[in-house]
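Below: query33.tsv (TSV, C-alpha atoms and all ligand atoms)
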```tsv
chain	number	residue	atom	x	y	z
A	1	MET	CA	14.82	29.87	-28.97
A	2	LEU	CA	16.84	26.94	-27.80
A	3	ALA	CA	15.00	26.93	-24.48
A	4	SER	CA	11.56	26.92	-26.07
A	5	THR	CA	12.58	24.22	-28.56
A	6	SER	CA	13.79	21.96	-25.79
A	7	ALA	CA	10.73	22.75	-23.69
A	8	PHE	CA	8.59	21.71	-26.63
A	9	ALA	CA	10.59	18.54	-27.15
A	10	MET	CA	10.25	17.65	-23.48
A	11	ALA	CA	6.55	18.44	-23.41
A	12	ALA	CA	6.10	15.85	-26.12
A	13	GLU	CA	7.21	13.06	-23.81
A	14	PHE	CA	4.40	11.52	-21.80
A	15	VAL	CA	5.35	10.98	-18.15
A	16	PRO	CA	3.24	8.23	-16.58
A	17	VAL	CA	2.35	8.46	-12.90
A	18	ASN	CA	3.84	5.01	-12.41
A	19	ALA	CA	5.91	2.91	-14.79
A	20	PRO	CA	7.37	-0.33	-13.43
A	21	ARG	CA	10.90	-1.61	-13.72
A	22	ILE	CA	10.97	-5.31	-14.57
A	23	THR	CA	14.26	-6.98	-13.69
A	24	ALA	CA	16.23	-9.54	-15.68
A	25	ALA	CA	16.00	-11.80	-12.62
A	26	ALA	CA	12.20	-11.78	-12.87
A	27	ARG	CA	12.35	-12.78	-16.55
A	28	GLU	CA	14.84	-15.52	-15.76
A	29	TYR	CA	12.68	-17.02	-12.98
A	30	VAL	CA	9.57	-16.86	-15.19
A	31	ASN	CA	11.40	-18.75	-17.93
A	32	GLN	CA	12.69	-21.34	-15.47
A	33	THR	CA	9.16	-21.81	-14.13
A	34	LEU	CA	7.66	-22.20	-17.60
A	35	ASP	CA	10.44	-24.58	-18.65
A	36	ALA	CA	9.76	-26.70	-15.59
A	37	GLY	CA	6.03	-26.76	-16.42
A	38	TRP	CA	4.72	-25.07	-13.26
A	39	LEU	CA	1.66	-22.84	-13.68
A	40	SER	CA	-0.54	-23.25	-10.61
A	41	SER	CA	0.49	-22.61	-7.01
A	42	ALA	CA	2.04	-26.12	-6.89
A	43	GLY	CA	5.79	-26.41	-7.41
A	44	PRO	CA	8.77	-24.79	-5.73
A	45	MET	CA	8.44	-21.14	-6.81
A	46	VAL	CA	5.64	-20.00	-4.48
A	47	GLU	CA	7.47	-21.41	-1.47
A	48	ARG	CA	10.76	-19.84	-2.56
A	49	PHE	CA	9.12	-16.44	-2.89
A	50	GLU	CA	7.41	-16.80	0.49
A	51	ARG	CA	10.67	-17.75	2.21
A	52	ALA	CA	12.56	-14.86	0.60
A	53	PHE	CA	9.81	-12.40	1.52
A	54	ALA	CA	9.68	-13.57	5.15
A	55	GLN	CA	13.43	-13.10	5.32
A	56	ALA	CA	13.28	-9.62	3.76
A	57	ILE	CA	10.72	-8.45	6.34
A	58	GLY	CA	12.27	-10.39	9.22
A	59	VAL	CA	9.26	-12.52	10.19
A	60	ARG	CA	8.74	-16.25	10.70
A	61	HIS	CA	5.99	-16.66	8.09
A	62	ALA	CA	4.98	-15.19	4.76
A	63	VAL	CA	1.77	-16.52	3.15
A	64	SER	CA	1.19	-15.55	-0.47
A	65	CYS	CA	-2.17	-14.94	-2.09
A	66	ASN	CA	-3.71	-13.42	-5.20
A	67	SER	CA	-4.11	-9.76	-4.14
A	68	GLY	CA	-3.57	-7.31	-1.34
A	69	THR	CA	-7.30	-7.19	-0.78
A	70	SER	CA	-7.47	-10.99	-0.42
A	71	ALA	CA	-4.57	-10.75	2.02
A	72	LEU	CA	-6.50	-8.28	4.18
A	73	HIS	CA	-9.60	-10.49	4.03
A	74	LEU	CA	-7.61	-13.60	4.98
A	75	ALA	CA	-6.00	-11.76	7.91
A	76	LEU	CA	-9.36	-10.71	9.34
A	77	ALA	CA	-10.93	-14.13	8.63
A	78	ALA	CA	-8.04	-15.90	10.36
A	79	LEU	CA	-8.56	-13.68	13.42
A	80	GLY	CA	-12.19	-14.81	13.53
A	81	ILE	CA	-13.61	-11.36	12.88
A	82	GLY	CA	-17.21	-11.42	11.68
A	83	PRO	CA	-20.73	-10.03	12.01
A	84	GLY	CA	-21.28	-7.86	15.08
A	85	ASP	CA	-17.59	-6.95	15.33
A	86	GLU	CA	-16.11	-3.52	14.69
A	87	VAL	CA	-12.76	-2.87	13.06
A	88	ILE	CA	-11.12	0.56	13.23
A	89	VAL	CA	-9.96	1.68	9.77
A	90	PRO	CA	-8.43	5.00	8.75
A	91	ASP	CA	-10.85	7.15	6.76
A	92	PHE	CA	-8.01	8.03	4.40
A	93	THR	CA	-7.06	4.80	2.62
A	94	MET	CA	-7.63	2.82	-0.52
A	95	ILE	CA	-11.14	1.38	-0.38
A	96	ALA	CA	-9.75	-2.20	-0.20
A	97	SER	CA	-9.00	-1.69	3.52
A	98	ALA	CA	-12.71	-1.09	4.16
A	99	CYS	CA	-13.92	-3.76	1.70
A	100	ALA	CA	-11.92	-6.45	3.51
A	101	VAL	CA	-13.79	-5.64	6.73
A	102	LEU	CA	-17.14	-5.71	4.91
A	103	TYR	CA	-16.34	-9.14	3.37
A	104	THR	CA	-16.18	-10.62	6.88
A	105	GLY	CA	-19.56	-9.15	7.82
A	106	ALA	CA	-17.93	-6.89	10.43
A	107	THR	CA	-18.41	-3.12	10.51
A	108	PRO	CA	-15.62	-0.72	9.58
A	109	VAL	CA	-15.42	2.28	11.91
A	110	PHE	CA	-13.68	5.14	10.13
A	111	VAL	CA	-11.27	7.26	12.13
A	112	ASP	CA	-9.59	10.44	10.93
A	113	VAL	CA	-5.88	10.70	10.20
A	114	GLU	CA	-3.02	13.05	11.06
A	115	ALA	CA	-2.69	15.68	8.34
A	116	ASP	CA	1.07	15.61	7.87
A	117	ILE	CA	1.52	11.84	7.44
A	118	CYS	CA	-2.05	10.79	6.47
A	119	THR	CA	-2.08	7.84	8.93
A	120	LEU	CA	-4.42	6.95	11.83
A	121	ASP	CA	-4.57	9.54	14.62
A	122	PRO	CA	-4.05	7.50	17.82
A	123	VAL	CA	-5.97	10.02	19.95
A	124	LEU	CA	-9.05	9.60	17.77
A	125	VAL	CA	-8.58	5.81	17.67
A	126	ALA	CA	-8.73	5.74	21.49
A	127	ALA	CA	-12.03	7.63	21.36
A	128	ALA	CA	-13.51	5.24	18.77
A	129	ILE	CA	-12.96	1.99	20.71
A	130	THR	CA	-16.21	0.35	21.89
A	131	PRO	CA	-16.99	-3.01	23.53
A	132	ARG	CA	-17.50	-4.39	19.98
A	133	THR	CA	-14.10	-3.32	18.65
A	134	ARG	CA	-11.98	-6.35	17.78
A	135	ALA	CA	-9.11	-4.94	15.72
A	136	ILE	CA	-7.28	-1.86	14.53
A	137	LEU	CA	-6.30	-1.89	10.86
A	138	ALA	CA	-3.37	0.51	10.53
A	139	VAL	CA	-2.48	1.61	6.98
A	140	HIS	CA	1.04	2.80	6.12
A	141	ILE	CA	0.01	5.42	3.59
A	142	TYR	CA	2.21	6.30	0.60
A	143	GLY	CA	5.08	4.38	2.19
A	144	HIS	CA	5.09	6.18	5.56
A	145	SER	CA	4.35	4.02	8.59
A	146	ALA	CA	1.50	4.67	11.00
A	147	ASP	CA	2.44	5.49	14.62
A	148	MET	CA	2.58	1.82	15.55
A	149	ASP	CA	3.74	2.05	19.21
A	150	ALA	CA	0.81	4.31	20.06
A	151	LEU	CA	-1.61	1.96	18.27
A	152	ALA	CA	-0.04	-1.15	19.83
A	153	ALA	CA	-0.45	0.39	23.30
A	154	LEU	CA	-4.17	0.89	22.62
A	155	ALA	CA	-4.53	-2.60	21.18
A	156	ASP	CA	-2.83	-4.10	24.26
A	157	ALA	CA	-4.87	-2.06	26.71
A	158	HIS	CA	-8.17	-3.10	25.09
A	159	GLY	CA	-7.34	-6.66	23.98
A	160	LEU	CA	-7.54	-5.86	20.26
A	161	TRP	CA	-5.76	-7.34	17.28
A	162	LEU	CA	-3.41	-5.01	15.42
A	163	VAL	CA	-3.29	-5.60	11.66
A	164	GLU	CA	-1.06	-3.68	9.26
A	165	ASP	CA	-2.11	-2.77	5.74
A	166	ALA	CA	1.43	-2.58	4.35
A	167	ALA	CA	0.31	-2.59	0.71
A	168	GLU	CA	2.25	0.62	0.02
A	169	ALA	CA	5.15	0.08	2.41
A	170	HIS	CA	7.54	-2.66	1.22
A	171	GLY	CA	10.85	-1.88	2.93
A	172	ALA	CA	9.49	0.96	5.10
A	173	ARG	CA	10.58	1.15	8.75
A	174	TYR	CA	9.19	2.35	12.07
A	175	ARG	CA	11.79	3.03	14.78
A	176	GLY	CA	14.15	0.83	12.80
A	177	ARG	CA	11.71	-2.12	12.63
A	178	ALA	CA	10.28	-3.28	9.31
A	179	CYS	CA	6.68	-2.48	8.44
A	180	GLY	CA	5.05	-5.88	8.14
A	181	ALA	CA	6.65	-7.05	11.40
A	182	LEU	CA	4.90	-4.61	13.75
A	183	GLY	CA	1.40	-6.00	14.27
A	184	ASP	CA	-0.19	-9.45	14.69
A	185	ILE	CA	-0.52	-9.83	10.91
A	186	ALA	CA	0.42	-7.59	7.98
A	187	ALA	CA	-0.95	-7.59	4.43
A	188	PHE	CA	1.11	-6.56	1.40
A	189	SER	CA	-0.06	-5.96	-2.16
A	190	PHE	CA	1.95	-6.82	-5.27
A	191	TYR	CA	-0.33	-4.94	-7.68
A	192	GLY	CA	1.46	-3.52	-10.73
A	193	ASN	CA	2.20	-0.12	-9.19
A	194	LYS	CA	3.48	-1.38	-5.84
A	195	ILE	CA	7.20	-1.34	-4.95
A	196	ILE	CA	7.44	-5.12	-5.26
A	197	SER	CA	4.99	-6.35	-7.86
A	198	THR	CA	3.87	-9.65	-9.30
A	199	GLY	CA	1.33	-7.95	-11.59
A	200	GLU	CA	-1.49	-8.99	-9.28
A	201	GLY	CA	-0.78	-10.61	-5.93
A	202	GLY	CA	-0.49	-10.26	-2.19
A	203	MET	CA	1.33	-11.55	0.90
A	204	LEU	CA	0.62	-11.94	4.59
A	205	THR	CA	3.37	-11.78	7.19
A	206	THR	CA	3.21	-12.90	10.82
A	207	ASP	CA	5.35	-14.39	13.58
A	208	ASP	CA	2.41	-16.46	14.84
A	209	ASP	CA	2.61	-20.12	13.78
A	210	SER	CA	-1.08	-20.92	14.23
A	211	LEU	CA	-2.31	-17.76	12.46
A	212	ALA	CA	0.01	-18.57	9.54
A	213	ALA	CA	-1.36	-22.11	9.35
A	214	ARG	CA	-4.92	-20.80	9.44
A	215	MET	CA	-4.27	-18.31	6.66
A	216	ARG	CA	-2.64	-21.03	4.52
A	217	SER	CA	-5.69	-23.21	5.00
A	218	LEU	CA	-8.22	-20.45	4.31
A	219	ARG	CA	-6.50	-19.27	1.12
A	220	ASP	CA	-6.92	-22.75	-0.36
A	221	MET	CA	-10.52	-23.80	0.36
A	222	ALA	CA	-9.81	-25.04	3.92
A	223	HIS	CA	-9.23	-28.67	2.96
A	224	ARG	CA	-9.19	-30.84	6.09
A	225	PRO	CA	-5.60	-31.93	6.76
A	226	GLY	CA	-5.15	-35.50	5.53
A	227	GLN	CA	-8.68	-35.62	4.05
A	228	ARG	CA	-8.37	-33.44	0.99
A	229	PHE	CA	-12.00	-33.17	-0.09
A	230	THR	CA	-13.52	-32.74	3.32
A	231	HIS	CA	-14.19	-29.17	4.40
A	232	ASP	CA	-15.10	-28.06	7.92
A	233	GLU	CA	-15.30	-24.36	7.21
A	234	LEU	CA	-15.63	-21.76	4.49
A	235	GLY	CA	-12.34	-21.31	2.64
A	236	TYR	CA	-11.36	-19.16	-0.31
A	237	SER	CA	-9.60	-19.63	-3.63
A	238	TYR	CA	-6.99	-16.94	-3.08
A	239	ARG	CA	-3.78	-18.76	-4.10
A	240	MET	CA	-0.85	-17.14	-5.91
A	241	GLY	CA	0.32	-18.84	-9.11
A	242	SER	CA	3.92	-19.87	-9.84
A	243	LEU	CA	4.48	-17.29	-12.58
A	244	ALA	CA	3.48	-14.45	-10.28
A	245	ALA	CA	5.77	-15.85	-7.58
A	246	ALA	CA	8.62	-16.07	-10.11
A	247	VAL	CA	8.21	-12.38	-10.96
A	248	GLY	CA	8.01	-11.50	-7.26
A	249	LEU	CA	11.17	-13.42	-6.38
A	250	GLY	CA	13.12	-11.72	-9.15
A	251	GLN	CA	11.84	-8.25	-8.22
A	252	LEU	CA	12.43	-8.81	-4.49
A	253	GLN	CA	16.13	-9.44	-5.12
A	254	HIS	CA	16.32	-5.80	-6.24
A	255	LEU	CA	14.42	-4.29	-3.30
A	256	ASP	CA	17.42	-2.26	-2.05
A	257	GLU	CA	17.97	-0.79	-5.49
A	258	PHE	CA	14.24	0.06	-5.77
A	259	LEU	CA	14.29	1.77	-2.38
A	260	ALA	CA	17.39	3.76	-3.36
A	261	HIS	CA	15.52	4.96	-6.46
A	262	LYS	CA	12.58	6.06	-4.31
A	263	HIS	CA	14.90	7.98	-1.97
A	264	TRP	CA	16.61	9.67	-4.89
A	265	MET	CA	13.22	10.61	-6.32
A	266	ALA	CA	11.96	12.05	-3.01
A	267	ALA	CA	15.19	13.95	-2.34
A	268	THR	CA	15.19	15.44	-5.83
A	269	TYR	CA	11.53	16.49	-5.69
A	270	ARG	CA	12.17	18.07	-2.28
A	271	GLU	CA	15.20	19.96	-3.52
A	272	ARG	CA	13.46	21.20	-6.66
A	273	LEU	CA	10.02	21.97	-5.20
A	274	GLY	CA	10.85	22.95	-1.60
A	275	ALA	CA	10.96	26.67	-2.39
A	276	ILE	CA	7.37	26.84	-3.67
A	277	SER	CA	5.49	28.24	-0.70
A	278	GLY	CA	2.01	26.80	-0.58
A	279	LEU	CA	3.00	23.47	-2.12
A	280	ILE	CA	2.98	21.13	0.86
A	281	LEU	CA	5.55	18.36	0.45
A	282	PRO	CA	5.45	15.02	2.29
A	283	VAL	CA	7.19	14.90	5.65
A	284	GLU	CA	8.85	12.08	7.52
A	285	ARG	CA	8.33	11.78	11.27
A	286	ALA	CA	11.51	11.28	13.31
A	287	TRP	CA	10.57	7.63	13.88
A	288	ALA	CA	9.77	6.80	10.27
A	289	GLN	CA	11.79	5.71	7.29
A	290	SER	CA	9.36	6.26	4.43
A	291	VAL	CA	9.80	4.47	1.11
A	292	HIS	CA	7.87	7.17	-0.79
A	293	TRP	CA	5.67	4.72	-2.66
A	294	MET	CA	4.10	7.80	-4.22
A	295	TYR	CA	5.40	11.35	-3.94
A	296	ALA	CA	2.25	12.90	-2.52
A	297	VAL	CA	1.91	16.69	-2.39
A	298	ARG	CA	-0.87	19.05	-1.36
A	299	VAL	CA	-1.93	22.37	-2.78
A	300	GLY	CA	-2.19	24.79	0.14
A	301	PRO	CA	-4.33	27.95	0.23
A	302	GLU	CA	-1.29	30.20	-0.43
A	303	LEU	CA	-1.02	28.91	-3.98
A	304	SER	CA	-2.89	30.83	-6.66
A	305	LEU	CA	-4.30	27.65	-8.20
A	306	THR	CA	-6.32	24.69	-6.95
A	307	ARG	CA	-5.32	21.04	-6.97
A	308	ASP	CA	-7.58	20.49	-9.99
A	309	ASP	CA	-5.90	23.41	-11.79
A	310	LEU	CA	-2.48	21.94	-11.07
A	311	ARG	CA	-3.55	18.50	-12.29
A	312	ALA	CA	-4.89	20.04	-15.52
A	313	ALA	CA	-1.76	22.17	-16.06
A	314	LEU	CA	0.46	19.10	-15.67
A	315	ALA	CA	-1.78	16.98	-17.89
A	316	ALA	CA	-1.51	19.63	-20.61
A	317	ARG	CA	2.25	19.03	-20.56
A	318	GLY	CA	1.85	15.26	-20.77
A	319	ILE	CA	2.38	14.62	-17.06
A	320	GLU	CA	0.08	12.13	-15.42
A	321	THR	CA	-0.84	12.54	-11.73
A	322	ARG	CA	-3.43	11.01	-9.42
A	323	ASP	CA	-5.70	12.66	-6.91
A	324	PHE	CA	-5.58	11.44	-3.31
A	325	PHE	CA	-8.01	8.81	-2.02
A	326	GLN	CA	-11.53	9.96	-1.15
A	327	SER	CA	-12.92	9.80	2.38
A	328	CYS	CA	-14.16	6.23	2.97
A	329	ALA	CA	-16.94	7.45	5.26
A	330	ARG	CA	-18.34	9.50	2.36
A	331	GLN	CA	-18.27	6.69	-0.20
A	332	PRO	CA	-21.73	5.77	-1.55
A	333	LEU	CA	-20.80	2.13	-0.89
A	334	ILE	CA	-20.48	2.92	2.81
A	335	THR	CA	-23.39	5.31	3.32
A	336	HIS	CA	-25.77	3.00	1.43
A	337	ARG	CA	-24.82	0.08	3.68
A	338	LEU	CA	-24.07	1.68	7.00
A	339	GLY	CA	-25.91	5.01	6.85
A	340	ALA	CA	-24.35	8.44	7.37
A	341	GLN	CA	-20.96	8.32	9.08
A	342	ALA	CA	-19.25	10.87	11.28
A	343	ALA	CA	-17.25	13.24	9.10
A	344	CYS	CA	-13.45	12.99	9.06
A	345	PRO	CA	-12.44	16.58	8.21
A	346	VAL	CA	-8.70	16.01	7.88
A	347	SER	CA	-9.21	13.15	5.47
A	348	GLU	CA	-11.70	15.23	3.44
A	349	GLN	CA	-9.24	18.09	3.27
A	350	LEU	CA	-6.51	15.73	2.05
A	351	ALA	CA	-8.87	14.33	-0.59
A	352	ALA	CA	-9.67	17.83	-1.86
A	353	THR	CA	-6.11	19.17	-2.02
A	354	GLY	CA	-3.74	16.26	-2.63
A	355	LEU	CA	-2.27	14.69	-5.70
A	356	TYR	CA	0.69	12.49	-6.31
A	357	LEU	CA	3.41	13.10	-8.84
A	358	PRO	CA	5.03	10.58	-11.19
A	359	SER	CA	6.80	8.19	-8.81
A	360	GLY	CA	7.46	4.93	-10.65
A	361	LEU	CA	10.61	2.87	-10.48
A	362	ALA	CA	11.22	3.63	-14.16
A	363	LEU	CA	11.06	7.43	-13.64
A	364	THR	CA	14.14	9.02	-15.23
A	365	ALA	CA	16.05	12.16	-14.21
A	366	THR	CA	14.86	13.83	-17.43
A	367	GLN	CA	11.23	13.03	-16.65
A	368	LEU	CA	11.64	14.25	-13.09
A	369	ASP	CA	13.09	17.54	-14.41
A	370	GLN	CA	10.14	17.82	-16.76
A	371	VAL	CA	7.69	17.40	-13.87
A	372	CYS	CA	9.45	19.98	-11.69
A	373	GLU	CA	9.69	22.51	-14.52
A	374	ALA	CA	6.01	22.06	-15.31
A	375	ILE	CA	5.08	22.66	-11.67
A	376	HIS	CA	7.21	25.81	-11.48
A	377	ALA	CA	5.59	27.06	-14.70
A	378	ALA	CA	2.10	26.32	-13.36
A	379	VAL	CA	2.45	28.03	-9.99
A	380	VAL	CA	3.88	31.40	-11.15
B	1	LIG	C1	-3.08	-1.42	-3.31
B	1	LIG	C2	-3.69	-1.36	-1.96
B	1	LIG	C3	-4.53	-2.38	-1.47
B	1	LIG	C4	-5.09	-3.49	-2.32
B	1	LIG	O1	-4.20	-4.27	-2.98
B	1	LIG	P1	-4.69	-5.09	-4.30
B	1	LIG	O2	-3.51	-5.96	-4.55
B	1	LIG	O3	-4.93	-4.08	-5.36
B	1	LIG	O4	-5.89	-5.85	-3.92
B	1	LIG	C5	-4.95	-2.32	-0.16
B	1	LIG	N1	-4.61	-1.30	0.63
B	1	LIG	C6	-3.85	-0.27	0.19
B	1	LIG	C7	-3.51	0.82	1.14
B	1	LIG	C8	-3.38	-0.26	-1.12
B	1	LIG	O5	-2.65	0.76	-1.56
```
So that I can check it, write out the structure of this file as structure tokens.
Amino acid sequence: MLASTSAFAMAAEFVPVNAPRITAAAREYVNQTLDAGWLSSAGPMVERFERAFAQAIGVRHAVSCNSGTSALHLALAALGIGPGDEVIVPDFTMIASACAVLYTGATPVFVDVEADICTLDPVLVAAAITPRTRAILAVHIYGHSADMDALAALADAHGLWLVEDAAEAHGARYRGRACGALGDIAAFSFYGNKIISTGEGGMLTTDDDSLAARMRSLRDMAHRPGQRFTHDELGYSYRMGSLAAAVGLGQLQHLDEFLAHKHWMAATYRERLGAISGLILPVERAWAQSVHWMYAVRVGPELSLTRDDLRAALAARGIETRDFFQSCARQPLITHRLGAQAACPVSEQLAATGLYLPSGLALTATQLDQVCEAIHAAVV
């Protein structure tokens, strides 16, 4: 009786797939910024956030902008990528990675991923390089880095740029080095569900002085230096505002605490769900330190229910989940523009069987228990 009463009480609580934690520091910086009268990108806050972010990642330059997608676009634009060029993109990623390539007029070439970590398969990347390839866009999916040394070796051998989409990987590491400091340029997102958020926003990181200067110019309409209203090339209005930067600075000061929460979440899910044979839990390669942006599981064939069944069973108990990304090569957007693409079977399999569990920074131990109990109840 007691058990069913408490189960009922717990089932009444809605568990969102991602609820943010907003720090007192963020509120304080927002108030300071408002009190000082700064709204646009002018004023000290944007620069302060950029300096703090560069320091957190361990790079010379951080260039803020208004979204992760804008950051990706600025990176490719600064590298001079355009019509006639090809950029290698993982088939399994958020569509923004592909859209950024399309914005430049270049062609995304979708390459399949490795099933266990959902990131670019270097063997297939090698096979996809053509004389038109200009860059590899490596995505660190769900907080787990791509195999960057293997990709860097290919980029070096073929004279390609290596760009990181680190939108989901704030604080993640590859062989001890920070994601965001591994390629020529990296793009971060600060969308509401990302580990560091400004609501909407993005950041570019690089050690290259001239690329940083180019990205700063392009994000703000490419004004000619010293002649403000003269423009030699096509720029963009992609600036970050001071209030967003104030939130970002306050949140960034708590990055270690956020990462500790993610590790606790992943360890607890692993401990509670590890015994369910057929539920495939995320793995970490020996060289990776994942930040578990989302706790992403797959429903294997040994389980008696499908991914869609599991999603519905959890939803019935008030637990929100999200399906995995869909294959980019199969998106109507892509096939309408570029025609039929080679299939990426691993990515399609991930799309059909994966979902991610509640993973937000505000997830409580009680909510996590509720999720695990609901999964155990669904799979019996
Ligand atoms: C969130 C995300 C983006 C886009 O970031 P926005 O800030 O939403 O534009 C790009 N790539 C990946 C992998 C993402 O998860």
Worksheet item: Which polymer residues, protein or nucleic acid, are no farther than 12 Å from (0.1, 17.8, 10.2), counting only C-alpha atoms, as a list in words?
Response: Val113, Glu114, Ala115, Asp116, Ile117, Cys118, Thr119, Leu120, Asp121, Ile280, Leu281, Pro282, Val283, Glu284, Arg285, Arg298, Val346, Ser347, Gln349 and Leu350 of chain A
Item to complete: Pick out the closest residue to Val125 of chain A from this set: A:Gly274, A:Pro345, A:Pro90, A:Gly159. Count all atoms listed in the file.
Response: A:Pro90
Practice prompt. Dump the neighbourhood of ligand LIG 1 (chain B) as JSON, numbers by chain: all residues within 9 Å, distances computed on all atoms listed in the file.
Written response: {"A": [66, 67, 68, 69, 70, 71, 72, 93, 94, 95, 96, 97, 98, 100, 139, 140, 141, 142, 165, 166, 167, 168, 169, 187, 188, 189, 190, 191, 192, 193, 194, 199, 200, 201, 202]}
Worksheet entry | Best match for closeness to Ala288 of chain A among A:Ser237, A:Gln227, A:Ser145, A:Thr364, counting only C-alpha atoms | A:Ser145
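With only C-alpha atoms as the atoms that count, the residue of A:Thr230, A:Gln55, A:Thr23, A:Gln253 with the shortest distance to Asp207 of chain A is A:Gln55.
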Worksheet, complete the sentence: Using only C-alpha atoms, the best pick from A:Leu361, A:Ala213, A:Lys262, A:Gln251 as closest to Pro225 of chain A would be A:Ala213
Quick one: residues within 7 Å of (0.1, -0.1, 12.0) (file frame), counting all atoms listed in the file, please, as a CSV table (one decimal) with C-alpha atoms, keeping the file's coordinate frame.
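That gives us out_6.csv:
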```csv
chain,number,residue,atom,x,y,z
A,137,LEU,CA,-6.3,-1.9,10.9
A,138,ALA,CA,-3.4,0.5,10.5
A,139,VAL,CA,-2.5,1.6,7.0
A,140,HIS,CA,1.0,2.8,6.1
A,145,SER,CA,4.4,4.0,8.6
A,146,ALA,CA,1.5,4.7,11.0
A,147,ASP,CA,2.4,5.5,14.6
A,148,MET,CA,2.6,1.8,15.6
A,151,LEU,CA,-1.6,2.0,18.3
A,162,LEU,CA,-3.4,-5.0,15.4
A,163,VAL,CA,-3.3,-5.6,11.7
A,164,GLU,CA,-1.1,-3.7,9.3
A,182,LEU,CA,4.9,-4.6,13.8
A,183,GLY,CA,1.4,-6.0,14.3
```
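Nearest residue to Asp85 of chain A among A:Ile136, A:Leu303, A:Ala56, A:Ala312 is A:Ile136, counting only C-alpha atoms.
For the pair atom CA of Ile185 of chain A and atom CA of Gln341 of chain A, the interatomic distance is 27.4 Å.
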Discussion item. For His61 of chain A, find every residue with an atom within 10 Å (counting only C-alpha atoms), except residues of its own chain fewer than 5 positions away, and show them as a PyMOL selection string.
Written reply: chain A and resi 50-51+53-55+185+203-209+211-213
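If all atoms listed in the file are the atoms counted, then among A:Val380, A:Asp91, A:Ser242, A:Leu355 the closest residue to Glu302 of chain A is A:Val380.
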For Ile319 of chain A, work out the shell of residues within 8 Å, counting all atoms listed in the file and skipping chain neighbours fewer than 5 positions away, then give it as a PDB file with C-alpha atoms, in the coordinates of the input.
```pdb
ATOM      1  CA  PHE A  14       4.400  11.520 -21.800  1.00  0.00           C
ATOM      2  CA  VAL A  15       5.350  10.980 -18.150  1.00  0.00           C
ATOM      3  CA  PRO A  16       3.240   8.230 -16.580  1.00  0.00           C
ATOM      4  CA  VAL A  17       2.350   8.460 -12.900  1.00  0.00           C
ATOM      5  CA  LEU A 314       0.460  19.100 -15.670  1.00  0.00           C
ATOM      6  CA  PRO A 358       5.030  10.580 -11.190  1.00  0.00           C
ATOM      7  CA  VAL A 371       7.690  17.400 -13.870  1.00  0.00           C
TER       8      VAL A 371
END
```
Worksheet item: Suppose you want the space between atom CA of Asn18 of chain A and atom CA of Ser359 of chain A; what is it in Å?
Response: 5.6 Å
Would you mind completing segment 165-173 of chain A to N, CA, C and O atoms and writing the output as a PDB file, in the coordinates of the input?
```
ATOM      1  N   ASP A 165      -1.957  -2.794   7.192  1.00  0.00           N
ATOM      2  CA  ASP A 165      -2.110  -2.770   5.740  1.00  0.00           C
ATOM      3  C   ASP A 165      -0.816  -2.137   5.210  1.00  0.00           C
ATOM      4  O   ASP A 165      -0.655  -0.918   5.226  1.00  0.00           O
ATOM      5  N   ALA A 166       0.095  -3.016   4.797  1.00  0.00           N
ATOM      6  CA  ALA A 166       1.430  -2.580   4.350  1.00  0.00           C
ATOM      7  C   ALA A 166       1.531  -2.609   2.827  1.00  0.00           C
ATOM      8  O   ALA A 166       2.624  -2.705   2.268  1.00  0.00           O
ATOM      9  N   ALA A 167       0.371  -2.479   2.170  1.00  0.00           N
ATOM     10  CA  ALA A 167       0.310  -2.590   0.710  1.00  0.00           C
ATOM     11  C   ALA A 167       1.227  -1.595  -0.006  1.00  0.00           C
ATOM     12  O   ALA A 167       1.686  -1.843  -1.114  1.00  0.00           O
ATOM     13  N   GLU A 168       1.474  -0.448   0.656  1.00  0.00           N
ATOM     14  CA  GLU A 168       2.250   0.620   0.020  1.00  0.00           C
ATOM     15  C   GLU A 168       3.609   0.793   0.688  1.00  0.00           C
ATOM     16  O   GLU A 168       4.270   1.813   0.483  1.00  0.00           O
ATOM     17  N   ALA A 169       4.025  -0.180   1.500  1.00  0.00           N
ATOM     18  CA  ALA A 169       5.150   0.080   2.410  1.00  0.00           C
ATOM     19  C   ALA A 169       6.231  -1.003   2.412  1.00  0.00           C
ATOM     20  O   ALA A 169       6.879  -1.217   3.436  1.00  0.00           O
ATOM     21  N   HIS A 170       6.460  -1.664   1.284  1.00  0.00           N
ATOM     22  CA  HIS A 170       7.540  -2.660   1.220  1.00  0.00           C
ATOM     23  C   HIS A 170       8.861  -1.987   1.537  1.00  0.00           C
ATOM     24  O   HIS A 170       9.269  -1.059   0.835  1.00  0.00           O
ATOM     25  N   GLY A 171       9.534  -2.426   2.592  1.00  0.00           N
ATOM     26  CA  GLY A 171      10.850  -1.880   2.930  1.00  0.00           C
ATOM     27  C   GLY A 171      10.811  -0.697   3.882  1.00  0.00           C
ATOM     28  O   GLY A 171      11.855  -0.230   4.335  1.00  0.00           O
ATOM     29  N   ALA A 172       9.599  -0.184   4.187  1.00  0.00           N
ATOM     30  CA  ALA A 172       9.490   0.960   5.100  1.00  0.00           C
ATOM     31  C   ALA A 172       9.796   0.511   6.533  1.00  0.00           C
ATOM     32  O   ALA A 172       9.653  -0.669   6.871  1.00  0.00           O
ATOM     33  N   ARG A 173      10.224   1.487   7.370  1.00  0.00           N
ATOM     34  CA  ARG A 173      10.580   1.150   8.750  1.00  0.00           C
ATOM     35  C   ARG A 173       9.939   2.108   9.731  1.00  0.00           C
ATOM     36  O   ARG A 173       9.648   3.259   9.405  1.00  0.00           O
TER      37      ARG A 173
END
```
